[in-house]
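Data from upload_39.pdb: PDB, C-alpha atoms and all ligand atoms
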MODEL        1
ATOM      1  CA  MET A   1     -70.276  26.469  21.404  1.00  0.00           C
ATOM      2  CA  LEU A   2     -71.568  28.697  24.216  1.00  0.00           C
ATOM      3  CA  TYR A   3     -74.098  31.157  22.917  1.00  0.00           C
ATOM      4  CA  ASP A   4     -75.464  32.714  26.066  1.00  0.00           C
ATOM      5  CA  SER A   5     -75.671  32.115  29.783  1.00  0.00           C
ATOM      6  CA  SER A   6     -77.738  33.416  32.619  1.00  0.00           C
ATOM      7  CA  HIS A   7     -77.430  33.184  36.364  1.00  0.00           C
ATOM      8  CA  HIS A   8     -80.335  32.948  38.760  1.00  0.00           C
ATOM      9  CA  PRO A   9     -79.644  34.824  41.997  1.00  0.00           C
ATOM     10  CA  ARG A  10     -78.868  32.632  44.954  1.00  0.00           C
ATOM     11  CA  GLU A  11     -82.008  32.071  46.941  1.00  0.00           C
ATOM     12  CA  LYS A  12     -83.592  29.853  49.558  1.00  0.00           C
ATOM     13  CA  TYR A  13     -85.212  26.849  48.000  1.00  0.00           C
ATOM     14  CA  HIS A  14     -88.391  25.946  49.830  1.00  0.00           C
ATOM     15  CA  SER A  15     -88.713  22.217  49.396  1.00  0.00           C
ATOM     16  CA  ARG A  16     -88.586  19.239  51.687  1.00  0.00           C
ATOM     17  CA  VAL A  17     -85.212  18.259  50.202  1.00  0.00           C
ATOM     18  CA  PHE A  18     -82.896  21.285  49.863  1.00  0.00           C
ATOM     19  CA  ASP A  19     -82.733  24.541  51.762  1.00  0.00           C
ATOM     20  CA  GLU A  20     -80.550  26.462  49.336  1.00  0.00           C
ATOM     21  CA  GLN A  21     -79.816  26.395  45.631  1.00  0.00           C
ATOM     22  CA  GLU A  22     -78.001  28.472  43.034  1.00  0.00           C
ATOM     23  CA  GLY A  23     -79.040  28.093  39.414  1.00  0.00           C
ATOM     24  CA  TYR A  24     -77.357  28.666  36.072  1.00  0.00           C
ATOM     25  CA  ARG A  25     -78.654  28.221  32.531  1.00  0.00           C
ATOM     26  CA  TYR A  26     -76.530  27.894  29.407  1.00  0.00           C
ATOM     27  CA  THR A  27     -77.529  27.974  25.752  1.00  0.00           C
ATOM     28  CA  TYR A  28     -75.358  26.119  23.253  1.00  0.00           C
ATOM     29  CA  VAL A  29     -75.553  26.488  19.499  1.00  0.00           C
ATOM     30  CA  VAL A  30     -75.461  23.047  17.898  1.00  0.00           C
ATOM     31  CA  ARG A  31     -75.860  23.813  14.205  1.00  0.00           C
ATOM     32  CA  ASP A  32     -77.295  26.432  11.850  1.00  0.00           C
ATOM     33  CA  GLY A  33     -78.299  28.693  14.713  1.00  0.00           C
ATOM     34  CA  LEU A  34     -80.280  25.936  16.413  1.00  0.00           C
ATOM     35  CA  PHE A  35     -79.704  25.744  20.135  1.00  0.00           C
ATOM     36  CA  ILE A  36     -80.003  23.515  23.147  1.00  0.00           C
ATOM     37  CA  GLU A  37     -80.382  24.569  26.756  1.00  0.00           C
ATOM     38  CA  THR A  38     -78.764  23.210  29.886  1.00  0.00           C
ATOM     39  CA  GLY A  39     -79.631  24.061  33.469  1.00  0.00           C
ATOM     40  CA  ALA A  40     -77.296  23.487  36.414  1.00  0.00           C
ATOM     41  CA  TYR A  41     -78.518  23.811  39.983  1.00  0.00           C
ATOM     42  CA  LEU A  42     -76.165  23.759  42.972  1.00  0.00           C
ATOM     43  CA  HIS A  43     -77.805  22.384  46.122  1.00  0.00           C
ATOM     44  CA  TRP A  44     -77.016  22.701  49.810  1.00  0.00           C
ATOM     45  CA  LEU A  45     -78.674  21.127  52.814  1.00  0.00           C
ATOM     46  CA  ASN A  46     -77.924  22.318  56.355  1.00  0.00           C
ATOM     47  CA  GLY A  47     -74.979  24.293  54.982  1.00  0.00           C
ATOM     48  CA  LYS A  48     -73.423  21.252  53.303  1.00  0.00           C
ATOM     49  CA  ILE A  49     -72.999  20.628  49.583  1.00  0.00           C
ATOM     50  CA  VAL A  50     -75.407  17.975  48.244  1.00  0.00           C
ATOM     51  CA  ASP A  51     -75.200  17.835  44.454  1.00  0.00           C
ATOM     52  CA  VAL A  52     -75.311  19.564  41.097  1.00  0.00           C
ATOM     53  CA  ALA A  53     -78.588  18.851  39.305  1.00  0.00           C
ATOM     54  CA  PHE A  54     -78.283  19.117  35.542  1.00  0.00           C
ATOM     55  CA  ASP A  55     -81.353  19.659  33.358  1.00  0.00           C
ATOM     56  CA  LEU A  56     -80.309  18.364  29.945  1.00  0.00           C
ATOM     57  CA  SER A  57     -82.525  19.509  27.113  1.00  0.00           C
ATOM     58  CA  CYS A  58     -82.031  18.636  23.474  1.00  0.00           C
ATOM     59  CA  MET A  59     -85.044  20.747  22.386  1.00  0.00           C
ATOM     60  CA  SER A  60     -86.179  17.938  20.135  1.00  0.00           C
ATOM     61  CA  GLY A  61     -89.829  18.338  21.017  1.00  0.00           C
ATOM     62  CA  CYS A  62     -92.473  15.771  21.850  1.00  0.00           C
ATOM     63  CA  ALA A  63     -94.827  13.880  19.612  1.00  0.00           C
ATOM     64  CA  TYR A  64     -97.612  13.853  22.208  1.00  0.00           C
ATOM     65  CA  LYS A  65     -98.251  17.576  21.868  1.00  0.00           C
ATOM     66  CA  CYS A  66    -100.104  18.015  25.151  1.00  0.00           C
ATOM     67  CA  LYS A  67    -101.858  21.329  24.901  1.00  0.00           C
ATOM     68  CA  PHE A  68    -100.136  23.048  27.822  1.00  0.00           C
ATOM     69  CA  CYS A  69     -96.552  21.873  27.179  1.00  0.00           C
ATOM     70  CA  SER A  70     -93.846  23.912  25.477  1.00  0.00           C
ATOM     71  CA  SER A  71     -92.060  20.706  24.372  1.00  0.00           C
ATOM     72  CA  SER A  72     -94.859  20.156  21.895  1.00  0.00           C
ATOM     73  CA  ARG A  73     -93.797  23.336  20.095  1.00  0.00           C
ATOM     74  CA  TYR A  74     -90.061  22.641  19.841  1.00  0.00           C
ATOM     75  CA  ASN A  75     -88.389  22.019  16.554  1.00  0.00           C
ATOM     76  CA  ASN A  76     -88.362  18.245  16.231  1.00  0.00           C
ATOM     77  CA  GLY A  77     -84.928  16.886  15.520  1.00  0.00           C
ATOM     78  CA  VAL A  78     -82.801  19.813  16.688  1.00  0.00           C
ATOM     79  CA  SER A  79     -80.391  17.520  18.448  1.00  0.00           C
ATOM     80  CA  PRO A  80     -80.471  13.920  19.607  1.00  0.00           C
ATOM     81  CA  PRO A  81     -79.507  13.423  23.253  1.00  0.00           C
ATOM     82  CA  MET A  82     -76.244  11.858  22.115  1.00  0.00           C
ATOM     83  CA  LYS A  83     -74.773  15.326  22.615  1.00  0.00           C
ATOM     84  CA  SER A  84     -75.466  14.946  26.319  1.00  0.00           C
ATOM     85  CA  VAL A  85     -71.882  14.208  27.370  1.00  0.00           C
ATOM     86  CA  GLU A  86     -70.673  17.271  25.472  1.00  0.00           C
ATOM     87  CA  GLN A  87     -73.433  19.308  27.091  1.00  0.00           C
ATOM     88  CA  VAL A  88     -72.409  18.181  30.567  1.00  0.00           C
ATOM     89  CA  GLU A  89     -68.693  18.686  29.950  1.00  0.00           C
ATOM     90  CA  SER A  90     -69.275  22.224  28.627  1.00  0.00           C
ATOM     91  CA  THR A  91     -71.525  23.014  31.570  1.00  0.00           C
ATOM     92  CA  VAL A  92     -69.037  21.699  34.141  1.00  0.00           C
ATOM     93  CA  LEU A  93     -66.338  23.784  32.439  1.00  0.00           C
ATOM     94  CA  ASN A  94     -68.480  26.926  32.512  1.00  0.00           C
ATOM     95  CA  LEU A  95     -69.567  26.339  36.107  1.00  0.00           C
ATOM     96  CA  GLY A  96     -65.920  25.926  37.063  1.00  0.00           C
ATOM     97  CA  TYR A  97     -65.188  29.591  36.275  1.00  0.00           C
ATOM     98  CA  SER A  98     -67.166  30.643  39.340  1.00  0.00           C
ATOM     99  CA  GLN A  99     -67.774  27.411  41.272  1.00  0.00           C
ATOM    100  CA  GLU A 100     -64.506  25.505  41.168  1.00  0.00           C
ATOM    101  CA  SER A 101     -64.432  24.620  44.874  1.00  0.00           C
ATOM    102  CA  PHE A 102     -68.089  23.569  44.871  1.00  0.00           C
ATOM    103  CA  LEU A 103     -67.441  21.178  41.997  1.00  0.00           C
ATOM    104  CA  SER A 104     -64.399  19.624  43.611  1.00  0.00           C
ATOM    105  CA  GLU A 105     -66.183  19.129  46.951  1.00  0.00           C
ATOM    106  CA  CYS A 106     -69.463  17.958  45.439  1.00  0.00           C
ATOM    107  CA  GLY A 107     -69.899  14.177  45.576  1.00  0.00           C
ATOM    108  CA  LYS A 108     -72.972  13.769  43.434  1.00  0.00           C
ATOM    109  CA  PHE A 109     -74.273  14.689  39.977  1.00  0.00           C
ATOM    110  CA  THR A 110     -78.004  14.321  39.284  1.00  0.00           C
ATOM    111  CA  PHE A 111     -79.299  14.443  35.720  1.00  0.00           C
ATOM    112  CA  SER A 112     -82.799  14.930  34.358  1.00  0.00           C
ATOM    113  CA  PHE A 113     -83.845  15.086  30.730  1.00  0.00           C
ATOM    114  CA  GLU A 114     -86.016  17.962  29.502  1.00  0.00           C
ATOM    115  CA  GLY A 115     -87.476  19.012  26.187  1.00  0.00           C
ATOM    116  CA  MET A 116     -86.844  15.724  24.445  1.00  0.00           C
ATOM    117  CA  GLY A 117     -90.304  14.263  24.644  1.00  0.00           C
ATOM    118  CA  GLU A 118     -92.086  11.480  26.435  1.00  0.00           C
ATOM    119  CA  PRO A 119     -89.206   9.189  27.472  1.00  0.00           C
ATOM    120  CA  SER A 120     -91.105   5.900  27.203  1.00  0.00           C
ATOM    121  CA  ILE A 121     -91.616   6.271  23.438  1.00  0.00           C
ATOM    122  CA  PRO A 122     -89.287   3.481  22.252  1.00  0.00           C
ATOM    123  CA  ASP A 123     -87.087   5.679  20.012  1.00  0.00           C
ATOM    124  CA  VAL A 124     -86.788   8.375  22.670  1.00  0.00           C
ATOM    125  CA  SER A 125     -86.078   5.782  25.360  1.00  0.00           C
ATOM    126  CA  GLU A 126     -83.332   4.283  23.230  1.00  0.00           C
ATOM    127  CA  ASN A 127     -81.652   7.685  22.885  1.00  0.00           C
ATOM    128  CA  ILE A 128     -82.000   8.436  26.583  1.00  0.00           C
ATOM    129  CA  MET A 129     -80.544   5.044  27.534  1.00  0.00           C
ATOM    130  CA  LYS A 130     -77.563   5.723  25.262  1.00  0.00           C
ATOM    131  CA  ALA A 131     -77.119   9.157  26.841  1.00  0.00           C
ATOM    132  CA  ILE A 132     -77.335   7.677  30.357  1.00  0.00           C
ATOM    133  CA  GLY A 133     -74.783   5.012  29.433  1.00  0.00           C
ATOM    134  CA  ALA A 134     -72.406   7.619  27.993  1.00  0.00           C
ATOM    135  CA  ILE A 135     -72.733   9.941  30.994  1.00  0.00           C
ATOM    136  CA  ARG A 136     -72.171   7.061  33.446  1.00  0.00           C
ATOM    137  CA  LYS A 137     -69.116   5.946  31.538  1.00  0.00           C
ATOM    138  CA  ARG A 138     -67.716   9.465  31.391  1.00  0.00           C
ATOM    139  CA  TYR A 139     -68.248  10.392  35.057  1.00  0.00           C
ATOM    140  CA  SER A 140     -68.230   7.103  36.965  1.00  0.00           C
ATOM    141  CA  SER A 141     -64.874   5.966  35.688  1.00  0.00           C
ATOM    142  CA  GLU A 142     -62.711   8.937  36.519  1.00  0.00           C
ATOM    143  CA  SER A 143     -64.191  10.337  39.701  1.00  0.00           C
ATOM    144  CA  THR A 144     -65.763   9.282  42.926  1.00  0.00           C
ATOM    145  CA  LYS A 145     -68.938  11.163  42.165  1.00  0.00           C
ATOM    146  CA  GLU A 146     -72.239   9.397  42.583  1.00  0.00           C
ATOM    147  CA  ILE A 147     -74.286   9.611  39.373  1.00  0.00           C
ATOM    148  CA  GLN A 148     -78.062   9.415  39.375  1.00  0.00           C
ATOM    149  CA  PHE A 149     -80.924  10.231  37.018  1.00  0.00           C
ATOM    150  CA  ILE A 150     -84.492  11.532  37.085  1.00  0.00           C
ATOM    151  CA  LEU A 151     -87.094  10.687  34.457  1.00  0.00           C
ATOM    152  CA  SER A 152     -90.638  12.052  34.093  1.00  0.00           C
ATOM    153  CA  THR A 153     -93.176  10.109  32.089  1.00  0.00           C
ATOM    154  CA  ILE A 154     -96.840  10.023  31.214  1.00  0.00           C
ATOM    155  CA  GLY A 155     -96.508   6.231  31.129  1.00  0.00           C
ATOM    156  CA  ALA A 156     -97.210   5.974  27.401  1.00  0.00           C
ATOM    157  CA  TYR A 157     -95.329   2.675  26.937  1.00  0.00           C
ATOM    158  CA  PRO A 158     -95.473   0.655  30.172  1.00  0.00           C
ATOM    159  CA  SER A 159     -93.358  -2.161  28.725  1.00  0.00           C
ATOM    160  CA  VAL A 160     -90.521   0.316  28.115  1.00  0.00           C
ATOM    161  CA  ILE A 161     -90.782   1.543  31.692  1.00  0.00           C
ATOM    162  CA  ARG A 162     -90.645  -2.034  32.914  1.00  0.00           C
ATOM    163  CA  SER A 163     -87.490  -2.537  30.842  1.00  0.00           C
ATOM    164  CA  TRP A 164     -85.855   0.370  32.705  1.00  0.00           C
ATOM    165  CA  ALA A 165     -86.415  -1.558  35.946  1.00  0.00           C
ATOM    166  CA  ASP A 166     -85.272  -4.846  34.418  1.00  0.00           C
ATOM    167  CA  GLU A 167     -82.043  -3.176  33.260  1.00  0.00           C
ATOM    168  CA  GLY A 168     -81.411  -1.684  36.719  1.00  0.00           C
ATOM    169  CA  LEU A 169     -81.424   1.918  35.555  1.00  0.00           C
ATOM    170  CA  PRO A 170     -79.941   4.083  38.370  1.00  0.00           C
ATOM    171  CA  LEU A 171     -82.945   6.355  38.821  1.00  0.00           C
ATOM    172  CA  GLU A 172     -83.185   8.645  41.814  1.00  0.00           C
ATOM    173  CA  THR A 173     -86.765   9.474  40.820  1.00  0.00           C
ATOM    174  CA  LEU A 174     -89.305   8.228  38.314  1.00  0.00           C
ATOM    175  CA  GLN A 175     -92.096  10.774  38.081  1.00  0.00           C
ATOM    176  CA  LEU A 176     -95.417   9.598  36.693  1.00  0.00           C
ATOM    177  CA  SER A 177     -97.482  12.536  35.495  1.00  0.00           C
ATOM    178  CA  LEU A 178    -101.108  11.855  34.698  1.00  0.00           C
ATOM    179  CA  HIS A 179    -101.781  15.554  33.896  1.00  0.00           C
ATOM    180  CA  ALA A 180    -105.278  15.761  35.369  1.00  0.00           C
ATOM    181  CA  VAL A 181    -107.478  14.295  38.059  1.00  0.00           C
ATOM    182  CA  SER A 182    -110.106  12.708  35.840  1.00  0.00           C
ATOM    183  CA  ASN A 183    -110.069  10.413  32.815  1.00  0.00           C
ATOM    184  CA  LEU A 184    -112.146  12.935  30.889  1.00  0.00           C
ATOM    185  CA  ASN A 185    -109.660  15.756  31.423  1.00  0.00           C
ATOM    186  CA  ARG A 186    -106.676  13.528  30.772  1.00  0.00           C
ATOM    187  CA  ARG A 187    -108.193  12.408  27.489  1.00  0.00           C
ATOM    188  CA  ARG A 188    -108.781  16.065  26.554  1.00  0.00           C
ATOM    189  CA  LEU A 189    -105.179  17.024  27.395  1.00  0.00           C
ATOM    190  CA  VAL A 190    -103.233  13.959  26.354  1.00  0.00           C
ATOM    191  CA  GLY A 191    -105.471  11.937  24.086  1.00  0.00           C
ATOM    192  CA  ALA A 192    -106.338   8.273  23.982  1.00  0.00           C
ATOM    193  CA  THR A 193    -103.283   7.095  25.929  1.00  0.00           C
ATOM    194  CA  CYS A 194    -104.517   8.521  29.224  1.00  0.00           C
ATOM    195  CA  GLN A 195    -104.771   6.092  32.107  1.00  0.00           C
ATOM    196  CA  ASN A 196    -104.999   6.062  35.876  1.00  0.00           C
ATOM    197  CA  VAL A 197    -102.334   4.743  38.252  1.00  0.00           C
ATOM    198  CA  LYS A 198    -104.046   1.368  38.657  1.00  0.00           C
ATOM    199  CA  GLU A 199    -104.228   0.814  34.882  1.00  0.00           C
ATOM    200  CA  PHE A 200    -100.664   2.008  34.493  1.00  0.00           C
ATOM    201  CA  LEU A 201     -99.273  -0.429  37.073  1.00  0.00           C
ATOM    202  CA  LYS A 202    -101.292  -3.276  35.633  1.00  0.00           C
ATOM    203  CA  ARG A 203     -99.966  -2.544  32.145  1.00  0.00           C
ATOM    204  CA  CYS A 204     -96.398  -2.331  33.490  1.00  0.00           C
ATOM    205  CA  ARG A 205     -96.818  -5.869  34.795  1.00  0.00           C
ATOM    206  CA  THR A 206     -98.478  -7.320  31.699  1.00  0.00           C
ATOM    207  CA  SER A 207     -97.400  -5.322  28.607  1.00  0.00           C
ATOM    208  CA  THR A 208     -94.786  -6.644  26.247  1.00  0.00           C
ATOM    209  CA  ARG A 209     -92.810  -4.700  23.657  1.00  0.00           C
ATOM    210  CA  SER A 210     -94.417  -6.729  20.848  1.00  0.00           C
ATOM    211  CA  ALA A 211     -97.965  -6.191  22.084  1.00  0.00           C
ATOM    212  CA  GLN A 212    -100.025  -3.308  20.770  1.00  0.00           C
ATOM    213  CA  GLU A 213     -99.729  -0.718  23.580  1.00  0.00           C
ATOM    214  CA  HIS A 214    -101.980   1.940  22.045  1.00  0.00           C
TER     215      HIS A 214
HETATM  216  S1  LIG B 301     -95.932  13.995  27.000  1.00  0.00           S
HETATM  217 FE1  LIG B 301     -94.842  15.333  28.410  1.00  0.00          FE
HETATM  218  S2  LIG B 301     -93.193  16.255  27.175  1.00  0.00           S
HETATM  219 FE2  LIG B 301     -94.714  15.404  25.748  1.00  0.00          FE
HETATM  220  S3  LIG B 301     -96.056  17.131  25.217  1.00  0.00           S
HETATM  221 FE3  LIG B 301     -96.988  15.989  26.951  1.00  0.00          FE
HETATM  222  S4  LIG B 301     -96.265  17.018  28.821  1.00  0.00           S
HETATM  223 FE4  LIG B 301     -94.956  17.670  27.099  1.00  0.00          FE
ENDMDL
END
Would you write the structure of this file as structure tokens?
Ligand code: SF4
Amino acid sequence: MLYDSSHHPREKYHSRVFDEQEGYRYTYVVRDGLFIETGAYLHWLNGKIVDVAFDLSCMSGCAYKCKFCSSSRYNNGVSPPMKSVEQVESTVLNLGYSQESFLSECGKFTFSFEGMGEPSIPDVSENIMKAIGAIRKRYSSESTKEIQFILSTIGAYPSVIRSWADEGLPLETLQLSLHAVSNLNRRRLVGATCQNVKEFLKRCRTSTRSAQEH
């Protein structure tokens, strides 16, 4: 059920990728007054339509509780990402009221997952994989739209990240966020799981699901 929506004014988007975007945010009530948020960003490059980027949040929080991150304060368990298809369908419907021609001309949907915690935690990964599978099934089968995904991780479970590659996950981007420039600061912000890029890549190559990763 749509609870609220807001519209960000159209503005130039200063990045190396897009030169214009228009953003919308929707809030959906899922149960007992608890809500989830969805962002939708329309992108143009050189005057041509590129994609709609969906930020899918299930507001389920994150067990890592990094000190600066609002996900650590969410209400754990508000909604599993299995509602993702519903979220996308509702958002496409709502966008269609003002952006029908954009949606019909647009050849690509890009999805990222927000507010549901570190995605390499095995339980979270499992939910995200199910959501990705459901979204692919829903949108790949009936349209010619290209579907791609973005994940951001602190690399907590390298073996899980390796499994994403092994399974051929259609990722446009995999963002590795180490949160700080030194081990000392990372440990202060994130805790004992902090690592540098070299350690992370080594653990991706050598870790197994059964091994103790932490
Ligand atoms: S791991 Fe990521 S999502 Fe979780 S609290 Fe830290 S910054 Fe937030």
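When all atoms listed in the file are used to compute distances to ligand LIG 301 (chain B), the closest of the residues A:Ser57, A:Thr153, A:Thr206, A:Asn127 turns out to be A:Thr153.
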*Run the PyMOL selection byres (((chain A and resi 40-54) around 9) and not hetatm) on the file and write out the hits as an NGL selection string.*
:A and (13 or 17-26 or 38-39 or 55-56 or 88 or 91-92 or 95 or 102-103 or 105-113)
_the PyMOL selection byres (((not hetatm)) within 9 of (chain B and resi 301)) - which residues does that actually catch in the file I just gave you? List them as a ChimeraX atom specification._
/A:61-73,114-119,152-156,177,179,189-190
*Looking at all atoms listed in the file, which of A:Ile147, A:Leu169, A:Val160, A:Leu174 is the one that sits closest to Arg203 (chain A)?*
A:Val160
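Minimum atom-to-atom distances from A:Glu86, A:Glu100, A:Glu172, A:Asp32 to Gln148 (chain A) were compared using all atoms listed in the file, and the lowest value belongs to A:Glu172.
The space between CA of Ile36 (chain A) and CA of Gln87 (chain A) spans 8.7 Å.
Taking all atoms listed in the file into account, the residues near (-78.2, 8.0, 23.7), no farther than 12 Å, are Cys58, Ser79, Pro80, Pro81, Met82, Lys83, Ser84, Val85, Phe113, Met116, Pro119, Asp123, Val124, Ser125, Glu126, Asn127, Ile128, Met129, Lys130, Ala131, Ile132, Gly133, Ala134, Ile135 and Arg136 of chain A.
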Using 5 Å of padding on each side, determine the axis-aligned box around all atoms of region 173-184 of chain A present in the file and give its centre and edge lengths in Å to one decimal, as lines of an AutoDock Vina configuration file.
center_x = -99.5
center_y = 12.0
center_z = 35.9
size_x = 35.4
size_y = 17.5
size_z = 19.9
Output of the PyMOL selection byres (((chain A and resi 199-202) around 12) and not hetatm), listed as a short mmCIF file (atom, residue, chain, number, x, y, z; two decimals) with C-alpha atoms, in the coordinates of the input:
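What ended up in expr_34.cif:
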data_model
loop_
_atom_site.label_atom_id
_atom_site.label_comp_id
_atom_site.auth_asym_id
_atom_site.auth_seq_id
_atom_site.Cartn_x
_atom_site.Cartn_y
_atom_site.Cartn_z
CA THR A 153 -93.18 10.11 32.09
CA ILE A 154 -96.84 10.02 31.21
CA GLY A 155 -96.51 6.23 31.13
CA ALA A 156 -97.21 5.97 27.40
CA TYR A 157 -95.33 2.68 26.94
CA PRO A 158 -95.47 0.66 30.17
CA SER A 159 -93.36 -2.16 28.72
CA ILE A 161 -90.78 1.54 31.69
CA ARG A 162 -90.64 -2.03 32.91
CA LEU A 176 -95.42 9.60 36.69
CA SER A 177 -97.48 12.54 35.49
CA LEU A 178 -101.11 11.86 34.70
CA ASN A 183 -110.07 10.41 32.82
CA THR A 193 -103.28 7.10 25.93
CA CYS A 194 -104.52 8.52 29.22
CA GLN A 195 -104.77 6.09 32.11
CA ASN A 196 -105.00 6.06 35.88
CA VAL A 197 -102.33 4.74 38.25
CA LYS A 198 -104.05 1.37 38.66
CA ARG A 203 -99.97 -2.54 32.15
CA CYS A 204 -96.40 -2.33 33.49
CA ARG A 205 -96.82 -5.87 34.80
CA THR A 206 -98.48 -7.32 31.70
CA SER A 207 -97.40 -5.32 28.61
CA THR A 208 -94.79 -6.64 26.25
CA GLU A 213 -99.73 -0.72 23.58
#
Mind completing region 51-68 of chain A with N, CA and C atoms? Output as a PDB file, in the frame of the given file, please?
ATOM      1  N   ASP A  51     -75.428  18.295  45.828  1.00  0.00           N
ATOM      2  CA  ASP A  51     -75.200  17.835  44.454  1.00  0.00           C
ATOM      3  C   ASP A  51     -75.277  18.990  43.473  1.00  0.00           C
ATOM      4  N   VAL A  52     -74.935  18.700  42.220  1.00  0.00           N
ATOM      5  CA  VAL A  52     -75.311  19.564  41.097  1.00  0.00           C
ATOM      6  C   VAL A  52     -76.369  18.809  40.316  1.00  0.00           C
ATOM      7  N   ALA A  53     -77.522  19.463  40.107  1.00  0.00           N
ATOM      8  CA  ALA A  53     -78.588  18.851  39.305  1.00  0.00           C
ATOM      9  C   ALA A  53     -78.552  19.477  37.914  1.00  0.00           C
ATOM     10  N   PHE A  54     -78.358  18.645  36.932  1.00  0.00           N
ATOM     11  CA  PHE A  54     -78.283  19.117  35.542  1.00  0.00           C
ATOM     12  C   PHE A  54     -79.619  18.838  34.854  1.00  0.00           C
ATOM     13  N   ASP A  55     -80.187  19.858  34.230  1.00  0.00           N
ATOM     14  CA  ASP A  55     -81.353  19.659  33.358  1.00  0.00           C
ATOM     15  C   ASP A  55     -80.830  19.644  31.927  1.00  0.00           C
ATOM     16  N   LEU A  56     -80.848  18.483  31.300  1.00  0.00           N
ATOM     17  CA  LEU A  56     -80.309  18.364  29.945  1.00  0.00           C
ATOM     18  C   LEU A  56     -81.463  18.399  28.947  1.00  0.00           C
ATOM     19  N   SER A  57     -81.490  19.435  28.140  1.00  0.00           N
ATOM     20  CA  SER A  57     -82.525  19.509  27.113  1.00  0.00           C
ATOM     21  C   SER A  57     -81.887  19.390  25.743  1.00  0.00           C
ATOM     22  N   CYS A  58     -82.524  18.649  24.855  1.00  0.00           N
ATOM     23  CA  CYS A  58     -82.031  18.636  23.474  1.00  0.00           C
ATOM     24  C   CYS A  58     -83.025  19.343  22.561  1.00  0.00           C
ATOM     25  N   MET A  59     -84.076  19.933  23.143  1.00  0.00           N
ATOM     26  CA  MET A  59     -85.044  20.747  22.386  1.00  0.00           C
ATOM     27  C   MET A  59     -85.607  19.995  21.189  1.00  0.00           C
ATOM     28  N   SER A  60     -85.729  18.699  21.307  1.00  0.00           N
ATOM     29  CA  SER A  60     -86.179  17.938  20.135  1.00  0.00           C
ATOM     30  C   SER A  60     -87.694  17.829  20.063  1.00  0.00           C
ATOM     31  N   GLY A  61     -88.376  18.336  21.074  1.00  0.00           N
ATOM     32  CA  GLY A  61     -89.829  18.338  21.017  1.00  0.00           C
ATOM     33  C   GLY A  61     -90.438  17.017  21.445  1.00  0.00           C
ATOM     34  N   CYS A  62     -91.771  16.974  21.408  1.00  0.00           N
ATOM     35  CA  CYS A  62     -92.473  15.771  21.850  1.00  0.00           C
ATOM     36  C   CYS A  62     -93.663  15.503  20.954  1.00  0.00           C
ATOM     37  N   ALA A  63     -93.772  14.256  20.544  1.00  0.00           N
ATOM     38  CA  ALA A  63     -94.827  13.880  19.612  1.00  0.00           C
ATOM     39  C   ALA A  63     -96.209  13.907  20.250  1.00  0.00           C
ATOM     40  N   TYR A  64     -96.287  13.914  21.577  1.00  0.00           N
ATOM     41  CA  TYR A  64     -97.612  13.853  22.208  1.00  0.00           C
ATOM     42  C   TYR A  64     -98.378  15.166  22.133  1.00  0.00           C
ATOM     43  N   LYS A  65     -97.655  16.263  22.071  1.00  0.00           N
ATOM     44  CA  LYS A  65     -98.251  17.576  21.868  1.00  0.00           C
ATOM     45  C   LYS A  65     -99.381  17.890  22.849  1.00  0.00           C
ATOM     46  N   CYS A  66     -99.141  17.614  24.123  1.00  0.00           N
ATOM     47  CA  CYS A  66    -100.104  18.015  25.151  1.00  0.00           C
ATOM     48  C   CYS A  66    -100.305  19.526  25.056  1.00  0.00           C
ATOM     49  N   LYS A  67    -101.522  19.951  25.248  1.00  0.00           N
ATOM     50  CA  LYS A  67    -101.858  21.329  24.901  1.00  0.00           C
ATOM     51  C   LYS A  67    -101.122  22.378  25.715  1.00  0.00           C
ATOM     52  N   PHE A  68    -100.723  22.035  26.940  1.00  0.00           N
ATOM     53  CA  PHE A  68    -100.136  23.048  27.822  1.00  0.00           C
ATOM     54  C   PHE A  68     -98.607  23.040  27.779  1.00  0.00           C
TER      55      PHE A  68
END
